[in-house]
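For reference, work_35.txt is printed below; it contains compact mmCIF, C-alpha atoms and all ligand atoms.
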# COMPACT_ATOMS: atom_id res chain seq x y z
CA MET L 1 -79.27 27.07 39.05
CA PRO L 2 -81.28 24.60 36.98
CA THR L 3 -84.99 25.41 36.73
CA GLU L 4 -87.12 23.06 38.88
CA LEU L 5 -89.93 21.71 36.73
CA LEU L 6 -91.92 19.88 39.40
CA GLY L 7 -94.62 22.19 40.66
CA LEU L 8 -94.93 24.26 37.48
CA THR L 9 -98.42 24.39 36.00
CA LEU L 10 -99.17 23.57 32.38
CA GLU L 11 -99.28 27.29 31.61
CA GLU L 12 -95.93 27.90 33.33
CA LEU L 13 -94.31 25.06 31.39
CA ARG L 14 -95.70 26.44 28.14
CA ARG L 15 -94.20 29.82 29.01
CA LEU L 16 -90.87 28.22 29.87
CA ALA L 17 -90.81 26.47 26.49
CA GLY L 18 -91.53 29.84 24.84
CA ALA L 19 -88.74 31.53 26.80
CA TRP L 20 -86.37 28.85 25.52
CA GLY L 21 -87.37 29.54 21.93
CA GLU L 22 -89.40 26.32 21.65
CA PRO L 23 -93.04 26.10 20.58
CA ALA L 24 -95.42 26.29 23.55
CA TYR L 25 -96.76 22.76 22.93
CA ARG L 26 -93.39 21.43 24.07
CA GLY L 27 -94.37 22.64 27.53
CA GLN L 28 -97.57 20.64 27.28
CA GLN L 29 -95.60 17.53 26.30
CA LEU L 30 -93.43 17.98 29.37
CA PHE L 31 -96.50 18.38 31.58
CA HIS L 32 -98.02 15.24 30.11
CA ALA L 33 -94.80 13.25 30.56
CA LEU L 34 -94.55 14.30 34.21
CA TYR L 35 -98.12 14.04 35.43
CA ALA L 36 -99.95 11.70 33.04
CA GLU L 37 -97.18 9.25 32.14
CA ARG L 38 -95.01 9.76 35.22
CA ARG L 39 -91.79 9.66 33.23
CA PHE L 40 -89.18 11.56 35.18
CA ALA L 41 -86.00 11.08 33.12
CA PHE L 42 -85.54 13.54 30.24
CA ALA L 43 -83.80 10.79 28.24
CA ARG L 44 -87.09 8.84 28.27
CA MET L 45 -89.18 11.74 26.98
CA THR L 46 -88.59 10.60 23.43
CA ASN L 47 -91.43 12.69 22.02
CA LEU L 48 -89.23 15.75 22.64
CA SER L 49 -86.51 16.74 20.20
CA ARG L 50 -82.99 15.64 21.02
CA SER L 51 -81.80 19.26 21.30
CA LEU L 52 -84.56 20.08 23.81
CA ARG L 53 -83.73 16.99 25.86
CA GLU L 54 -80.11 18.10 25.97
CA ARG L 55 -81.09 21.57 27.09
CA LEU L 56 -83.35 20.12 29.79
CA GLU L 57 -80.51 17.92 31.07
CA ARG L 58 -78.35 21.01 31.32
CA ASP L 59 -80.75 23.68 32.55
CA ALA L 60 -83.66 21.94 34.29
CA GLY L 61 -84.33 19.39 37.00
CA ILE L 62 -87.14 17.21 38.39
CA THR L 63 -86.61 16.79 42.12
CA LEU L 64 -88.90 14.11 43.53
CA PRO L 65 -88.98 13.26 47.22
CA ALA L 66 -86.97 10.09 47.86
CA VAL L 67 -88.58 7.06 49.48
CA GLN L 68 -86.65 6.49 52.67
CA GLN L 69 -88.90 3.91 54.38
CA ARG L 70 -92.12 2.05 53.75
CA TYR L 71 -94.12 0.81 56.73
CA THR L 72 -96.78 -1.63 55.57
CA SER L 73 -99.81 -2.22 57.79
CA ALA L 74 -101.71 -5.49 58.07
CA ASP L 75 -104.69 -3.71 56.45
CA GLY L 76 -102.70 -2.82 53.30
CA THR L 77 -102.06 0.81 54.25
CA VAL L 78 -98.50 1.94 53.57
CA ARG L 79 -96.91 4.81 55.44
CA TYR L 80 -94.11 6.36 53.43
CA LEU L 81 -91.31 8.28 55.00
CA LEU L 82 -90.12 10.59 52.23
CA ARG L 83 -86.93 12.60 52.24
CA LEU L 84 -87.00 16.07 50.66
CA ALA L 85 -84.08 17.69 48.85
CA ASP L 86 -83.01 19.68 51.94
CA GLY L 87 -82.95 16.55 54.10
CA ARG L 88 -86.29 17.21 55.82
CA ALA L 89 -88.59 14.21 55.99
CA ILE L 90 -92.35 14.07 55.61
CA GLU L 91 -94.97 11.35 55.58
CA THR L 92 -97.50 10.27 52.99
CA VAL L 93 -100.03 7.49 53.44
CA TRP L 94 -101.30 5.11 50.76
CA MET L 95 -104.67 3.46 51.45
CA PRO L 96 -105.77 0.91 48.86
CA GLU L 97 -109.35 -0.36 48.64
CA ALA L 98 -111.10 -2.63 46.18
CA ARG L 99 -111.91 -0.03 43.50
CA ARG L 100 -110.01 3.01 44.62
CA GLN L 101 -106.92 4.25 46.38
CA THR L 102 -106.64 7.21 48.70
CA LEU L 103 -103.47 9.19 49.19
CA CYS L 104 -103.10 11.24 52.35
CA LEU L 105 -100.60 14.04 51.71
CA SER L 106 -98.65 16.39 53.94
CA THR L 107 -98.75 20.11 53.20
CA GLN L 108 -96.17 21.18 55.78
CA ALA L 109 -93.35 19.47 57.65
CA GLY L 110 -94.74 19.54 61.19
CA CYS L 111 -97.53 21.93 62.13
CA ALA L 112 -97.82 25.16 64.11
CA VAL L 113 -101.45 24.76 65.18
CA ASP L 114 -100.79 22.83 68.38
CA CYS L 115 -103.92 20.74 68.81
CA HIS L 116 -103.36 18.96 72.08
CA PHE L 117 -104.42 15.47 70.93
CA CYS L 118 -102.27 15.35 67.75
CA ALA L 119 -98.79 13.89 67.35
CA THR L 120 -97.82 16.26 64.52
CA ALA L 121 -98.32 19.21 66.86
CA GLN L 122 -95.37 18.00 68.90
CA LEU L 123 -93.02 18.72 66.01
CA GLY L 124 -93.98 22.38 65.76
CA LEU L 125 -93.81 23.91 62.29
CA LEU L 126 -90.61 22.84 60.54
CA ARG L 127 -91.43 24.42 57.20
CA ASN L 128 -93.99 24.84 54.44
CA LEU L 129 -93.85 22.43 51.51
CA THR L 130 -93.71 23.74 47.95
CA ALA L 131 -96.39 22.86 45.39
CA GLY L 132 -93.84 20.55 43.77
CA GLU L 133 -93.22 18.77 47.06
CA ILE L 134 -96.95 18.31 47.64
CA ALA L 135 -97.54 17.03 44.10
CA GLY L 136 -94.31 15.02 44.22
CA GLN L 137 -95.66 12.89 47.09
CA THR L 138 -98.41 11.62 44.80
CA LEU L 139 -96.09 10.99 41.86
CA VAL L 140 -93.58 9.06 43.94
CA VAL L 141 -96.13 6.88 45.69
CA LEU L 142 -98.09 6.11 42.51
CA ALA L 143 -94.83 5.18 40.79
CA ASP L 144 -93.97 2.92 43.74
CA GLN L 145 -97.29 1.05 43.76
CA PRO L 146 -97.56 -1.46 40.94
CA ARG L 147 -101.28 -2.23 41.32
CA GLN L 148 -103.42 0.85 40.73
CA ARG L 149 -107.16 1.00 41.17
CA PRO L 150 -109.32 2.92 38.69
CA THR L 151 -109.93 5.90 41.00
CA THR L 152 -107.55 8.00 43.05
CA ASN L 153 -108.74 10.16 45.93
CA ILE L 154 -106.54 12.73 47.56
CA VAL L 155 -106.92 13.94 51.11
CA LEU L 156 -104.81 16.82 52.40
CA MET L 157 -104.84 15.41 55.91
CA GLY L 158 -101.23 14.43 56.55
CA GLN L 159 -98.80 16.61 58.44
CA GLY L 160 -99.56 20.30 58.44
CA GLU L 161 -102.39 22.82 58.21
CA PRO L 162 -103.09 23.27 54.48
CA LEU L 163 -104.74 26.70 54.85
CA LEU L 164 -101.58 28.04 56.51
CA ASN L 165 -99.68 27.09 53.34
CA TYR L 166 -102.41 28.33 51.06
CA GLU L 167 -100.71 29.15 47.74
CA ALA L 168 -98.62 26.00 47.50
CA THR L 169 -101.55 23.80 48.51
CA LEU L 170 -103.94 25.33 46.00
CA LYS L 171 -101.36 25.16 43.27
CA ALA L 172 -100.84 21.45 43.97
CA VAL L 173 -104.61 20.96 43.81
CA GLN L 174 -104.66 22.59 40.35
CA LEU L 175 -101.84 20.27 39.26
CA PHE L 176 -103.79 17.18 40.40
CA ALA L 177 -106.99 18.35 38.73
CA ASP L 178 -105.57 19.42 35.36
CA PRO L 179 -107.26 17.23 32.73
CA LYS L 180 -104.01 17.16 30.73
CA GLY L 181 -102.13 15.67 33.68
CA MET L 182 -103.40 13.45 36.48
CA ALA L 183 -107.00 14.53 35.85
CA ILE L 184 -108.21 13.86 39.40
CA PRO L 185 -111.66 15.48 39.73
CA LEU L 186 -111.77 18.34 42.25
CA LEU L 187 -114.57 16.53 44.06
CA LYS L 188 -112.17 13.65 44.76
CA ILE L 189 -109.74 15.96 46.53
CA THR L 190 -110.48 16.95 50.14
CA LEU L 191 -108.71 19.64 52.12
CA SER L 192 -108.97 19.34 55.89
CA THR L 193 -108.50 22.37 58.11
CA SER L 194 -108.42 22.97 61.82
CA GLY L 195 -110.62 26.01 61.17
CA ILE L 196 -108.46 28.81 59.76
CA VAL L 197 -111.38 31.14 59.04
CA PRO L 198 -109.65 33.60 56.64
CA GLY L 199 -108.40 30.59 54.65
CA ILE L 200 -111.92 29.12 54.46
CA ARG L 201 -113.30 32.45 53.22
CA ARG L 202 -110.54 32.70 50.65
CA LEU L 203 -111.15 29.14 49.48
CA ALA L 204 -114.87 29.91 49.17
CA ALA L 205 -114.01 32.53 46.54
CA GLU L 206 -111.90 30.17 44.37
CA LYS L 207 -113.39 29.01 41.11
CA ARG L 208 -111.61 25.68 41.26
CA ARG L 209 -111.47 24.32 44.76
CA PRO L 210 -111.30 20.97 46.52
CA LYS L 211 -113.92 19.71 48.96
CA LEU L 212 -113.67 21.09 52.47
CA ALA L 213 -113.46 19.19 55.75
CA VAL L 214 -113.37 21.03 59.08
CA SER L 215 -111.84 19.42 62.15
CA LEU L 216 -114.39 20.46 64.74
CA ASN L 217 -113.67 18.15 67.67
CA ALA L 218 -115.61 20.19 70.24
CA THR L 219 -119.00 21.90 70.58
CA THR L 220 -118.41 24.77 72.98
CA ASP L 221 -115.78 27.49 72.83
CA ALA L 222 -114.48 26.58 76.28
CA GLN L 223 -114.01 22.97 75.29
CA ARG L 224 -112.51 23.79 71.89
CA ASP L 225 -110.19 26.46 73.33
CA ALA L 226 -108.81 23.77 75.62
CA LEU L 227 -108.25 21.19 72.88
CA MET L 228 -107.40 23.42 69.92
CA PRO L 229 -105.92 26.80 70.90
CA ILE L 230 -106.61 28.04 67.35
CA ASN L 231 -110.22 28.37 68.55
CA CYS L 232 -109.21 31.36 70.70
CA LYS L 233 -108.37 33.15 67.46
CA TYR L 234 -111.27 31.82 65.37
CA PRO L 235 -114.10 30.87 67.75
CA LEU L 236 -117.06 28.67 66.85
CA ALA L 237 -119.41 31.51 65.85
CA GLU L 238 -116.91 32.77 63.26
CA LEU L 239 -116.06 29.29 62.09
CA PHE L 240 -119.72 28.40 61.55
CA ASP L 241 -120.39 31.71 59.86
CA ALA L 242 -117.66 30.86 57.32
CA CYS L 243 -119.07 27.33 56.94
CA ARG L 244 -122.61 28.59 56.39
CA ARG L 245 -121.43 30.97 53.68
CA TYR L 246 -119.28 28.34 51.99
CA PRO L 247 -120.71 27.69 48.50
CA LEU L 248 -121.36 24.00 47.81
CA ARG L 249 -121.59 22.42 44.38
CA ALA L 250 -124.32 19.98 43.36
CA ARG L 251 -124.30 16.91 45.62
CA GLU L 252 -121.40 18.35 47.64
CA ARG L 253 -121.45 18.37 51.43
CA LEU L 254 -119.19 19.90 54.00
CA THR L 255 -117.48 17.38 56.22
CA PHE L 256 -117.03 17.89 59.93
CA GLU L 257 -114.40 15.68 61.50
CA TYR L 258 -114.91 14.97 65.14
CA VAL L 259 -112.15 13.16 67.00
CA LEU L 260 -113.72 11.35 69.95
CA LEU L 261 -111.60 11.61 73.10
CA GLY L 262 -112.74 9.21 75.81
CA GLY L 263 -114.40 11.05 78.71
CA VAL L 264 -113.63 14.46 77.19
CA ASN L 265 -115.93 15.21 74.25
CA ASP L 266 -117.82 11.93 73.73
CA THR L 267 -120.89 12.37 75.95
CA ALA L 268 -124.55 12.45 74.95
CA GLU L 269 -124.61 16.17 75.76
CA ASP L 270 -121.73 16.76 73.29
CA ALA L 271 -123.60 14.83 70.60
CA ARG L 272 -126.81 16.85 71.17
CA ARG L 273 -124.87 20.12 70.95
CA LEU L 274 -123.30 18.91 67.70
CA VAL L 275 -126.77 18.31 66.27
CA ARG L 276 -127.76 21.87 67.19
CA LEU L 277 -124.55 23.44 65.85
CA THR L 278 -124.89 21.82 62.44
CA ARG L 279 -128.59 22.61 61.99
CA GLY L 280 -129.43 23.67 58.44
CA LEU L 281 -126.00 22.83 57.00
CA ARG L 282 -125.58 20.44 54.10
CA ALA L 283 -122.95 18.43 55.93
CA LYS L 284 -121.85 15.08 57.20
CA VAL L 285 -119.97 14.20 60.34
CA ASN L 286 -117.05 11.78 60.41
CA LEU L 287 -116.48 10.43 63.90
CA ILE L 288 -112.85 9.44 64.43
CA PRO L 289 -112.09 7.49 67.62
CA TRP L 290 -108.86 8.96 68.97
CA ASN L 291 -105.71 7.10 67.94
CA ALA L 292 -103.22 6.69 70.72
CA VAL L 293 -100.18 8.95 70.67
CA ALA L 294 -97.45 8.17 73.19
CA ALA L 295 -96.94 10.88 75.79
CA LEU L 296 -100.43 12.36 75.31
CA ALA L 297 -102.76 11.95 78.25
CA TYR L 298 -105.96 11.12 76.37
CA ARG L 299 -107.72 7.83 75.91
CA ALA L 300 -109.76 6.32 73.12
CA PRO L 301 -113.55 6.37 73.58
CA THR L 302 -115.33 3.10 74.39
CA ASP L 303 -117.16 1.38 71.54
CA ASP L 304 -120.42 2.07 73.35
CA ALA L 305 -119.70 5.78 73.56
CA VAL L 306 -118.85 5.92 69.85
CA GLU L 307 -122.03 4.11 68.88
CA SER L 308 -124.36 6.14 71.08
CA PHE L 309 -122.75 9.35 69.83
CA GLN L 310 -123.49 8.29 66.26
CA GLN L 311 -127.05 7.28 67.18
CA ILE L 312 -127.81 10.68 68.70
CA LEU L 313 -126.53 12.42 65.56
CA ARG L 314 -128.59 10.14 63.33
CA ARG L 315 -131.74 10.53 65.39
CA GLY L 316 -131.17 14.29 65.14
CA GLY L 317 -131.26 13.95 61.36
CA ARG L 318 -127.50 14.23 60.74
CA LEU L 319 -125.44 12.05 58.44
CA ALA L 320 -122.79 10.52 60.66
CA PHE L 321 -120.14 7.91 59.96
CA ILE L 322 -117.62 6.19 62.18
CA ARG L 323 -114.17 6.35 60.63
CA ARG L 324 -111.94 3.75 62.16
CA SER L 325 -108.49 4.85 61.10
CA ARG L 326 -106.37 2.59 58.96
CA GLY L 327 -102.72 1.77 59.42
CA GLN L 328 -102.72 2.06 63.22
CA ASP L 329 -100.12 -0.69 63.61
CA VAL L 330 -97.61 1.41 61.63
CA ALA L 331 -98.58 4.78 63.18
CA ALA L 332 -100.09 5.88 59.87
CA ALA L 333 -103.50 6.71 61.33
CA CYS L 334 -104.92 10.22 61.73
CA GLY L 335 -102.88 12.28 64.12
CA GLN L 336 -100.09 9.75 64.48
CA LEU L 337 -97.87 11.14 61.73
CA ALA L 338 -94.87 12.40 63.61
CA SER L 339 -92.29 9.69 63.94
CA LEU L 340 -89.25 11.25 65.50
CA ASP L 341 -87.06 9.94 62.70
CA SER L 342 -88.98 12.25 60.38
CA SER L 343 -88.31 15.50 62.10
CA ALA L 344 -84.66 16.22 61.57
CA PRO L 345 -82.38 16.34 58.57
CA PRO L 346 -79.91 13.45 58.60
CA ALA L 347 -76.63 14.01 60.35
CA THR L 348 -73.87 14.70 57.89
N1 LIG L 401 -104.28 20.04 59.97
C1 LIG L 401 -105.45 19.59 59.32
C2 LIG L 401 -105.26 18.29 58.55
C3 LIG L 401 -104.38 17.25 59.20
S1 LIG L 401 -104.99 16.52 60.70
C4 LIG L 401 -106.58 19.45 60.31
O1 LIG L 401 -106.34 19.52 61.51
O2 LIG L 401 -107.70 19.28 59.86
C5 LIG L 401 -106.20 15.38 60.06
C6 LIG L 401 -107.27 14.96 61.06
O3 LIG L 401 -106.72 14.12 62.08
C7 LIG L 401 -107.94 16.11 61.78
O4 LIG L 401 -109.34 15.98 61.67
C8 LIG L 401 -107.53 15.93 63.23
O5 LIG L 401 -108.52 16.42 64.10
C9 LIG L 401 -107.36 14.44 63.31
N2 LIG L 401 -106.50 13.96 64.38
C10 LIG L 401 -105.42 14.57 64.92
N3 LIG L 401 -104.88 13.79 65.89
C11 LIG L 401 -105.64 12.67 65.96
C12 LIG L 401 -105.55 11.47 66.75
N4 LIG L 401 -104.57 11.28 67.61
N5 LIG L 401 -106.49 10.52 66.55
C13 LIG L 401 -107.46 10.69 65.61
N6 LIG L 401 -107.56 11.78 64.83
C14 LIG L 401 -106.66 12.76 65.01
FE1 LIG L 402 -101.95 20.54 62.95
FE2 LIG L 402 -104.15 19.24 62.15
FE3 LIG L 402 -102.53 18.17 64.03
FE4 LIG L 402 -104.03 20.31 64.61
S1 LIG L 402 -104.79 18.25 64.07
S2 LIG L 402 -101.84 20.04 65.13
S3 LIG L 402 -103.97 21.42 62.69
S4 LIG L 402 -102.01 18.57 61.91

The structure given in the file should be rewritten as structure tokens.
Amino acid sequence: MPTELLGLTLEELRRLAGAWGEPAYRGQQLFHALYAERRFAFARMTNLSRSLRERLERDAGITLPAVQQRYTSADGTVRYLLRLADGRAIETVWMPEARRQTLCLSTQAGCAVDCHFCATAQLGLLRNLTAGEIAGQTLVVLADQPRQRPTTNIVLMGQGEPLLNYEATLKAVQLFADPKGMAIPLLKITLSTSGIVPGIRRLAAEKRRPKLAVSLNATTDAQRDALMPINCKYPLAELFDACRRYPLRARERLTFEYVLLGGVNDTAEDARRLVRLTRGLRAKVNLIPWNAVAALAYRAPTDDAVESFQQILRRGGRLAFIRRSRGQDVAAACGQLASLDSSAPPAT
């Protein structure tokens, strides 16, 4: 079996070079070629010796996800359907803005968490992605997009629950942040979780960690149990205990995502409870009007409900933003990532 290079850290590549009887800096050159220059063919890594290139051709491989489809939205967002080596498909979303681009990555194919308002939940968990598959989404999409903005943000908010695929996700984060590779600052990488409390506590103890966003979506246990069954396992008191203990860096805030479901969790009473729940936390709230998912019996909130919800939070002293999702016309918006064509390996 050839050794898969995608997903190996700088240190691991240095060790591999050593194990092959090459100087360790050859590993660093490989890392640089992959992540900084995005050169994926050994033949084009001309800074390596010919004999090493030959050995790499023979004994190593770089397996990037393949672009199967691009769905381009009127707002510039592109939803990529990517095919993995085993035939599984996942989705990655590219969101360009004037001075920056944001990549929304999947950490699992499907998701086991079963939030009732989310399209990905309908797939169930298909499998965890490897660190190489998580990092590979970024490499493939950046290589596909000719016009790059100066800054890249990464959000781990595509398919999957990142804290239920902890090791691979954190390893991918280290790959993104390595100054010798893509050099994306940790504070430009955001991990979003449905509230896996042991994962949040574990993340809190990491020296190098991304920013944390928590998908709250409800303000009482009864309401959250009904929308997100994971709350039965990790109820609000535990979740907020983990959030309150979460160490924040200078100028860092926690993010709470709150999907507004019309007539369900978008009342003035909900907003007032949210103000009370978040008292004393250095946090901001992103309000996400629900994006329609066929077959789910929810409705989007009215514009009035969204605005009064935000007003109540602001009057209560909370930072609150309305996040209208991008790419809705190509089902690339939050919670819509579950096209049926993505769930199964192709028929052979
Ligand atoms: N599993 C992680 C990250 C992926 S979901 C998590 O749940 O946080 C990313 C965000 O999309 C979450 O905040 C989730 O609450 C939200 N979301 C899910 N379905 C949605 C929908 N139909 N409309 C709007 N947001 C949705
Ligand atoms: Fe999974 Fe997040 Fe969707 Fe919940 S909202 S089912 S955790 S992807």

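Checking L:Phe31, L:Trp94, L:Tyr298, L:Phe321 one by one against ligand LIG 401 (chain L), counting only C-alpha atoms and all ligand atoms, you find the shortest gap at L:Tyr298.
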
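Taking CA of Gly317 (chain L) as the reference point, CA of Arg279 (chain L) is found at 9.1 Å.
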
Q: Find the residues around Asn153 (chain L) up to 9 Å (only C-alpha atoms counted), leave out those fewer than 5 positions away in its own chain, and share them as a VMD selection string.
A: chain L and resid 100 to 104 184 to 185 187 to 190

Residues of the last selection are to be written out with C-alpha atoms, as a PDB file, in the coordinates of the input.
ATOM      1  CA  ARG L 100    -110.010   3.010  44.620  1.00  0.00           C
ATOM      2  CA  GLN L 101    -106.920   4.250  46.380  1.00  0.00           C
ATOM      3  CA  THR L 102    -106.640   7.210  48.700  1.00  0.00           C
ATOM      4  CA  LEU L 103    -103.470   9.190  49.190  1.00  0.00           C
ATOM      5  CA  CYS L 104    -103.100  11.240  52.350  1.00  0.00           C
ATOM      6  CA  ILE L 184    -108.210  13.860  39.400  1.00  0.00           C
ATOM      7  CA  PRO L 185    -111.660  15.480  39.730  1.00  0.00           C
ATOM      8  CA  LEU L 187    -114.570  16.530  44.060  1.00  0.00           C
ATOM      9  CA  LYS L 188    -112.170  13.650  44.760  1.00  0.00           C
ATOM     10  CA  ILE L 189    -109.740  15.960  46.530  1.00  0.00           C
ATOM     11  CA  THR L 190    -110.480  16.950  50.140  1.00  0.00           C
TER      12      THR L 190
END

Q. By how many Å are atom O5 of ligand LIG 401 (chain L) and CA of Lys233 (chain L) apart?
A. 17.1 Å

(Q) List as a list in words the protein and nucleic acid residues lying within 8 Å of ligand LIG 402 (chain L), with only C-alpha atoms and all ligand atoms counted. (A)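 Those residues are Gly110, Cys111, Ala112, Val113, Asp114, Cys115, His116, Phe117, Cys118, Ala119, Thr120, Ala121, Gln122, Met157, Gly158, Gln159, Gly160, Glu161, Ser192, Thr193, Ser194, Ser215, Met228 and Gly335 of chain L.
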
For region 184-281 of chain L versus region 303-316 of chain L, which residues have an atom no more than 8 Å away, and what is each residue's nearest atom pair and distance in Å rounded to one decimal, using all atoms listed in the file, chain-then-number order, as a tab-separated table?
residue	atom	partner	partner_atom	distance
L:Leu260	CA	L:Val306	CA	7.5
L:Asp266	CA	L:Ala305	CA	6.4
L:Thr267	CA	L:Phe309	CA	7.1
L:Ala268	CA	L:Phe309	CA	6.3
L:Ala271	CA	L:Phe309	CA	5.6
L:Arg272	CA	L:Ile312	CA	6.7
L:Leu274	CA	L:Leu313	CA	7.6
L:Val275	CA	L:Leu313	CA	5.9

Q: Give as a list in words each residue that has an atom at most 6 Å from (-117.8, 21.5, 45.5) in the file, counting all atoms listed in the file.
A: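 Selection result: Lys211, Leu248, Arg249 and Glu252 of chain L.
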